[in-house]
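Raw contents of coords10.pdb, PDB, C-alpha atoms:
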```pdb
ATOM      1  CA  MET A   1     -13.576  -9.283  19.379
ATOM      2  CA  THR A   2     -13.754  -6.975  16.408
ATOM      3  CA  ASN A   3     -11.011  -4.388  16.049
ATOM      4  CA  ILE A   4     -12.285  -0.806  16.046
ATOM      5  CA  ILE A   5     -10.057   2.134  15.113
ATOM      6  CA  VAL A   6     -11.337   5.680  15.693
ATOM      7  CA  VAL A   7      -9.775   8.301  13.384
ATOM      8  CA  LEU A   8     -10.752  11.908  13.979
ATOM      9  CA  PRO A   9      -8.696  15.084  13.390
ATOM     10  CA  LYS A  10      -9.063  16.217  17.029
ATOM     11  CA  LEU A  11      -7.687  13.810  19.634
ATOM     12  CA  GLU A  12     -10.252  14.913  22.252
ATOM     13  CA  GLU A  13     -13.134  13.980  19.926
ATOM     14  CA  ALA A  14     -11.525  10.612  19.140
ATOM     15  CA  LYS A  15     -11.161   9.913  22.855
ATOM     16  CA  GLY A  16     -14.794  10.885  23.398
ATOM     17  CA  VAL A  17     -16.033   8.457  20.731
ATOM     18  CA  LYS A  18     -13.726   5.767  22.145
ATOM     19  CA  ASN A  19     -15.154   6.284  25.648
ATOM     20  CA  ILE A  20     -18.732   6.011  24.357
ATOM     21  CA  LEU A  21     -17.888   2.749  22.577
ATOM     22  CA  VAL A  22     -15.958   1.270  25.523
ATOM     23  CA  ARG A  23     -18.819   2.088  27.913
ATOM     24  CA  SER A  24     -21.138   0.251  25.502
ATOM     25  CA  GLY A  25     -19.002  -2.901  25.578
ATOM     26  CA  PHE A  26     -16.918  -2.501  22.434
ATOM     27  CA  GLN A  27     -13.161  -2.929  22.334
ATOM     28  CA  VAL A  28     -11.422   0.017  20.681
ATOM     29  CA  THR A  29      -8.051  -1.090  19.296
ATOM     30  CA  GLY A  30      -6.731   2.409  18.700
ATOM     31  CA  ILE A  31      -7.405   6.095  18.245
ATOM     32  CA  CYS A  32      -5.648   8.208  15.619
ATOM     33  CA  THR A  33      -5.661  11.732  14.266
ATOM     34  CA  THR A  34      -4.379  10.944  10.746
ATOM     35  CA  GLY A  35      -5.270   8.449   8.056
ATOM     36  CA  THR A  36      -1.665   7.250   7.875
ATOM     37  CA  GLN A  37      -1.724   6.256  11.550
ATOM     38  CA  ALA A  38      -4.990   4.370  11.012
ATOM     39  CA  ILE A  39      -3.610   2.506   7.998
ATOM     40  CA  SER A  40      -0.489   1.443   9.892
ATOM     41  CA  GLN A  41      -2.623   0.171  12.801
ATOM     42  CA  ALA A  42      -4.981  -1.655  10.442
ATOM     43  CA  ASP A  43      -2.104  -3.313   8.555
ATOM     44  CA  GLY A  44      -1.322  -5.479  11.583
ATOM     45  CA  LEU A  45      -4.913  -6.703  11.885
ATOM     46  CA  ASN A  46      -7.044  -9.106   9.842
ATOM     47  CA  ASP A  47     -10.294  -7.185   9.878
ATOM     48  CA  GLY A  48     -12.268  -4.563  11.731
ATOM     49  CA  ILE A  49     -14.018  -1.221  11.561
ATOM     50  CA  VAL A  50     -12.570   2.251  11.031
ATOM     51  CA  ILE A  51     -14.697   5.114  12.334
ATOM     52  CA  CYS A  52     -13.664   8.415  10.758
ATOM     53  CA  SER A  53     -14.718  11.914   9.805
ATOM     54  CA  TYR A  54     -14.957  13.324   6.287
ATOM     55  CA  LYS A  55     -11.603  15.113   6.360
ATOM     56  CA  LEU A  56      -8.478  14.123   8.275
ATOM     57  CA  ALA A  57      -5.196  16.016   8.618
ATOM     58  CA  ASP A  58      -3.505  14.119   5.777
ATOM     59  CA  MET A  59      -6.334  12.751   3.586
ATOM     60  CA  ILE A  60     -10.072  12.547   3.078
ATOM     61  CA  TYR A  61     -12.200   9.498   3.869
ATOM     62  CA  THR A  62     -12.138   8.090   0.286
ATOM     63  CA  GLU A  63      -8.332   7.910   0.273
ATOM     64  CA  LEU A  64      -8.377   6.190   3.657
ATOM     65  CA  HIS A  65     -11.036   3.744   2.444
ATOM     66  CA  GLU A  66      -8.947   2.815  -0.609
ATOM     67  CA  ASP A  67      -5.809   2.207   1.481
ATOM     68  CA  LEU A  68      -7.397   0.082   4.207
ATOM     69  CA  PRO A  69      -6.676  -3.678   4.192
ATOM     70  CA  GLU A  70      -9.384  -5.846   2.644
ATOM     71  CA  GLY A  71     -11.207  -7.013   5.798
ATOM     72  CA  PHE A  72     -11.979  -3.511   7.056
ATOM     73  CA  GLU A  73     -15.259  -1.603   6.917
ATOM     74  CA  MET A  74     -15.633   2.129   7.308
ATOM     75  CA  LEU A  75     -18.125   4.203   9.291
ATOM     76  CA  LEU A  76     -18.119   7.825   8.121
ATOM     77  CA  MET A  77     -19.392  10.524  10.476
ATOM     78  CA  ALA A  78     -20.114  13.740   8.571
ATOM     79  CA  SER A  79     -22.715  16.426   7.974
ATOM     80  CA  GLN A  80     -25.835  15.453   6.028
ATOM     81  CA  ASN A  81     -24.833  17.293   2.830
ATOM     82  CA  LEU A  82     -21.428  15.529   2.743
ATOM     83  CA  ILE A  83     -22.994  12.140   3.406
ATOM     84  CA  SER A  84     -25.286  12.470   0.383
ATOM     85  CA  GLU A  85     -22.263  12.183  -1.932
ATOM     86  CA  CYS A  86     -20.914   8.965  -0.405
ATOM     87  CA  TYR A  87     -23.880   6.630  -0.931
ATOM     88  CA  GLY A  88     -23.268   3.475  -2.931
ATOM     89  CA  ASN A  89     -19.549   3.045  -2.264
ATOM     90  CA  GLY A  90     -19.710   0.488   0.543
ATOM     91  CA  ILE A  91     -19.215   2.989   3.351
ATOM     92  CA  VAL A  92     -21.674   3.177   6.247
ATOM     93  CA  CYS A  93     -22.578   6.773   7.110
ATOM     94  CA  LEU A  94     -23.883   8.581  10.186
ATOM     95  CA  SER A  95     -24.932  12.224  10.050
ATOM     96  CA  MET A  96     -23.668  14.820  12.487
ATOM     97  CA  PRO A  97     -24.648  15.959  15.044
ATOM     98  CA  LEU A  98     -24.283  12.435  16.317
ATOM     99  CA  LYS A  99     -26.818  10.651  18.475
ATOM    100  CA  VAL A 100     -25.050   8.257  20.842
ATOM    101  CA  GLN A 101     -27.653   5.505  20.430
ATOM    102  CA  ASP A 102     -27.389   5.708  16.620
ATOM    103  CA  LEU A 103     -23.610   5.298  16.883
ATOM    104  CA  ILE A 104     -23.895   2.304  19.204
ATOM    105  CA  ASN A 105     -26.565   0.594  17.089
ATOM    106  CA  THR A 106     -24.655   1.178  13.851
ATOM    107  CA  VAL A 107     -21.354  -0.083  15.277
ATOM    108  CA  ASN A 108     -23.160  -3.097  16.718
ATOM    109  CA  LEU A 109     -24.596  -3.983  13.286
ATOM    110  CA  MET A 110     -21.189  -3.528  11.657
ATOM    111  CA  VAL A 111     -19.484  -5.715  14.295
ATOM    112  CA  GLU A 112     -22.038  -8.468  13.688
ATOM    113  CA  GLY A 113     -21.320  -8.278   9.939
ATOM    114  CA  VAL A 114     -17.535  -8.455  10.439
ATOM    115  CA  GLU A 115     -17.871 -11.413  12.823
ATOM    116  CA  ARG A 116     -20.262 -13.200  10.436
ATOM    117  CA  ARG A 117     -17.741 -12.851   7.589
ATOM    118  CA  ARG A 118     -14.949 -14.031   9.895
ATOM    119  CA  ARG A 119     -16.934 -17.187  10.812
ATOM    120  CA  LYS A 120     -17.722 -17.779   7.139
ATOM    121  CA  ARG A 121     -14.017 -17.538   6.215
ATOM    122  CA  ARG A 122     -13.099 -19.930   9.009
ATOM    123  CA  MET A 123     -15.662 -22.491   7.854
ATOM    124  CA  GLN A 124     -14.322 -22.594   4.288
ATOM    125  CA  PRO A 125     -11.998 -25.526   3.692
ATOM    126  CA  LYS A 126      -8.371 -24.558   3.365
ATOM    127  CA  VAL A 127      -6.957 -24.971  -0.110
ATOM    128  CA  ARG A 128      -3.599 -26.703  -0.067
ATOM    129  CA  ASN A 129      -0.959 -26.212  -2.700
ATOM    130  CA  ALA A 130       0.567 -29.121  -4.612
ATOM    131  CA  ALA A 131       3.660 -29.300  -2.373
ATOM    132  CA  ASP A 132       1.520 -29.624   0.762
ATOM    133  CA  GLU A 133      -0.666 -32.305  -0.831
ATOM    134  CA  LYS A 134       2.468 -34.201  -1.876
ATOM    135  CA  ALA A 135       3.895 -34.059   1.665
ATOM    136  CA  ILE A 136       0.679 -35.499   3.118
ATOM    137  CA  LYS A 137       0.504 -38.189   0.417
ATOM    138  CA  ASP A 138       4.184 -39.145   0.901
ATOM    139  CA  ALA A 139       3.796 -39.323   4.688
ATOM    140  CA  LYS A 140       0.730 -41.574   4.354
ATOM    141  CA  GLU A 141       2.560 -43.840   1.897
ATOM    142  CA  LEU A 142       5.553 -44.064   4.233
ATOM    143  CA  LEU A 143       3.303 -44.974   7.167
ATOM    144  CA  MET A 144       1.490 -47.548   5.014
ATOM    145  CA  VAL A 145       4.748 -49.247   3.983
ATOM    146  CA  ARG A 146       6.672 -49.070   7.269
ATOM    147  CA  ASN A 147       3.815 -49.596   9.711
ATOM    148  CA  HIS A 148       1.560 -51.782   7.514
ATOM    149  CA  MET A 149      -1.381 -49.378   7.730
ATOM    150  CA  THR A 150      -4.215 -48.820   5.327
ATOM    151  CA  GLU A 151      -4.493 -45.374   3.760
ATOM    152  CA  GLU A 152      -7.401 -44.572   6.062
ATOM    153  CA  GLU A 153      -5.415 -45.617   9.154
ATOM    154  CA  ALA A 154      -2.386 -43.591   8.030
ATOM    155  CA  HIS A 155      -4.591 -40.541   7.453
ATOM    156  CA  ARG A 156      -6.233 -40.940  10.858
ATOM    157  CA  TYR A 157      -2.800 -41.294  12.470
ATOM    158  CA  LEU A 158      -1.653 -38.032  10.850
ATOM    159  CA  GLN A 159      -4.845 -36.266  11.925
ATOM    160  CA  LYS A 160      -4.601 -37.478  15.528
ATOM    161  CA  THR A 161      -0.906 -36.631  15.789
ATOM    162  CA  SER A 162      -1.649 -33.220  14.311
ATOM    163  CA  MET A 163      -4.379 -32.533  16.855
ATOM    164  CA  ASP A 164      -2.341 -33.880  19.791
ATOM    165  CA  SER A 165       0.720 -31.790  18.917
ATOM    166  CA  GLY A 166      -1.240 -28.648  17.993
ATOM    167  CA  THR A 167       0.258 -28.424  14.507
ATOM    168  CA  ASN A 168      -1.513 -28.474  11.188
ATOM    169  CA  LEU A 169      -1.699 -31.605   9.029
ATOM    170  CA  VAL A 170       0.998 -30.456   6.598
ATOM    171  CA  GLU A 171       3.502 -29.766   9.383
ATOM    172  CA  THR A 172       2.743 -33.149  10.940
ATOM    173  CA  ALA A 173       3.261 -34.890   7.589
ATOM    174  CA  GLN A 174       6.594 -33.094   7.174
ATOM    175  CA  MET A 175       7.659 -34.153  10.687
ATOM    176  CA  VAL A 176       6.751 -37.784   9.946
ATOM    177  CA  LEU A 177       8.706 -37.649   6.693
ATOM    178  CA  SER A 178      11.778 -36.131   8.342
ATOM    179  CA  MET A 179      11.750 -38.593  11.264
ATOM    180  CA  MET A 180      11.138 -41.731   9.211
ATOM    181  CA  THR A 181      13.530 -40.990   6.358
ATOM    182  CA  GLU A 182      16.595 -40.446   8.554
TER     183      GLU A 182
END
```

Please render this file's structure as structure tokens.
Amino acid sequence: MTNIIVVLPKLEEAKGVKNILVRSGFQVTGICTTGTQAISQADGLNDGIVICSYKLADMIYTELHEDLPEGFEMLLMASQNLISECYGNGIVCLSMPLKVQDLINTVNLMVEGVERRRRKRRMQPKVRNAADEKAIKDAKELLMVRNHMTEEEAHRYLQKTSMDSGTNLVETAQMVLSMMTE
């Protein structure tokens, strides 16, 4: 599920937007009345969407956008004349007065984009640092010498043990090294 944070200066309006989204099947992680509250909620999350108005109690939308963690997108709800100045800065805009179906469709498109980027990130191979590579290499060499395995067999053994124990390959290699060098 994609994290959605609603930030509006009036709590009643934020609750209203939250209720619309929840009734439409979205999960709203939090509602806030200040940009600072939204930033602190977003800091604990990997990605998501912040729905806000042009001006909050402690900042305007551009300051909030700059301070959000990297995986977050912003949906700005403002009057048409204010929206005209925000084009081209990576912020999705909806003009007020708000049509419920426009809000739902826009949030749906944004959620799909966030989830697509999340899947893309997950599919990228993890880059290991030199220390991790060395631990895996040393564990394979130790298995090859002590258990008379080929490199391929040692690697498969590490992979299987990693999957069976629910740990990543580096942690498994470190466990093998610590157990076999005692």

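Take atom CA of A:Lys10 and atom CA of A:Glu112: the distance between them is 28.1 Å.
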
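Picture a line from atom CA of A:Asn81 to atom CA of A:Met96; it runs 10.0 Å.
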
field: Neighbour list for A:Gly48 as an NGL selection string, cut-off 6 Å, all atoms listed in the file, skip fewer than 2 positions in-chain
entry: :A and (2-4 or 72)

- request: Using all atoms listed in the file, find all polymer residues with an atom at most 12 Å away from the point (2.9, -38.1, 9.7); report them as a ChimeraX atom specification.
  value: /A:135-144,146-147,151,153-163,165,167-181

query: What does the PyMOL selection byres ((chain A and resi 67) around 12) select in this file, as a PyMOL selection string?
result: chain A and resi 35-43+50+59-66+68-74

- line: Residue with the minimum atom-to-atom distance to A:Ile49, picked from A:Asp164, A:Glu152, A:Glu115, A:Asp132 with all atoms listed in the file counted, is A:Glu115

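Interatomic distance, atom CA of A:Ala78 to atom CA of A:Phe26: 21.6 Å.
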
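Nearest to A:Met77 of all the residues A:Arg119, A:Lys99, A:His148, A:Arg23 is A:Lys99, counting all atoms listed in the file.
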
message: Taking the file as I've supplied it (selection: the PyMOL selection byres ((chain A and resi 104) around 12)), which residues are included? Please answer as a count of residues only.
response: 26

Selected residue, from A:Val114, A:Val127, A:Val7, A:Val28, that lies nearest to A:Asn46 when counting only C-alpha atoms: A:Val114

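Against this structure, the PyMOL selection byres ((chain A and resi 31) around 6) ends up with Ile5, Val6, Val7, Gly30 and Cys32 of chain A.
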
field: Nearest to A:Ala57, chosen from A:Pro125, A:Gly113, A:Ile83, A:Leu8, with all atoms listed in the file counted in the distances
entry: A:Leu8

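Each of A:Gly90, A:Pro9, A:Gly166, A:Pro97 was checked against A:Thr33 using all atoms listed in the file; the smallest atom-to-atom distance is that of A:Pro9.
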
Axis-aligned box over every listed atom of stretch 110-119 of chain A, padded by 5 Å per side: centre and edges in Å to one decimal, as lines of an AutoDock Vina configuration file?
```
center_x = -18.5
center_y = -10.4
center_z = 10.9
size_x = 17.1
size_y = 23.7
size_z = 16.7
```
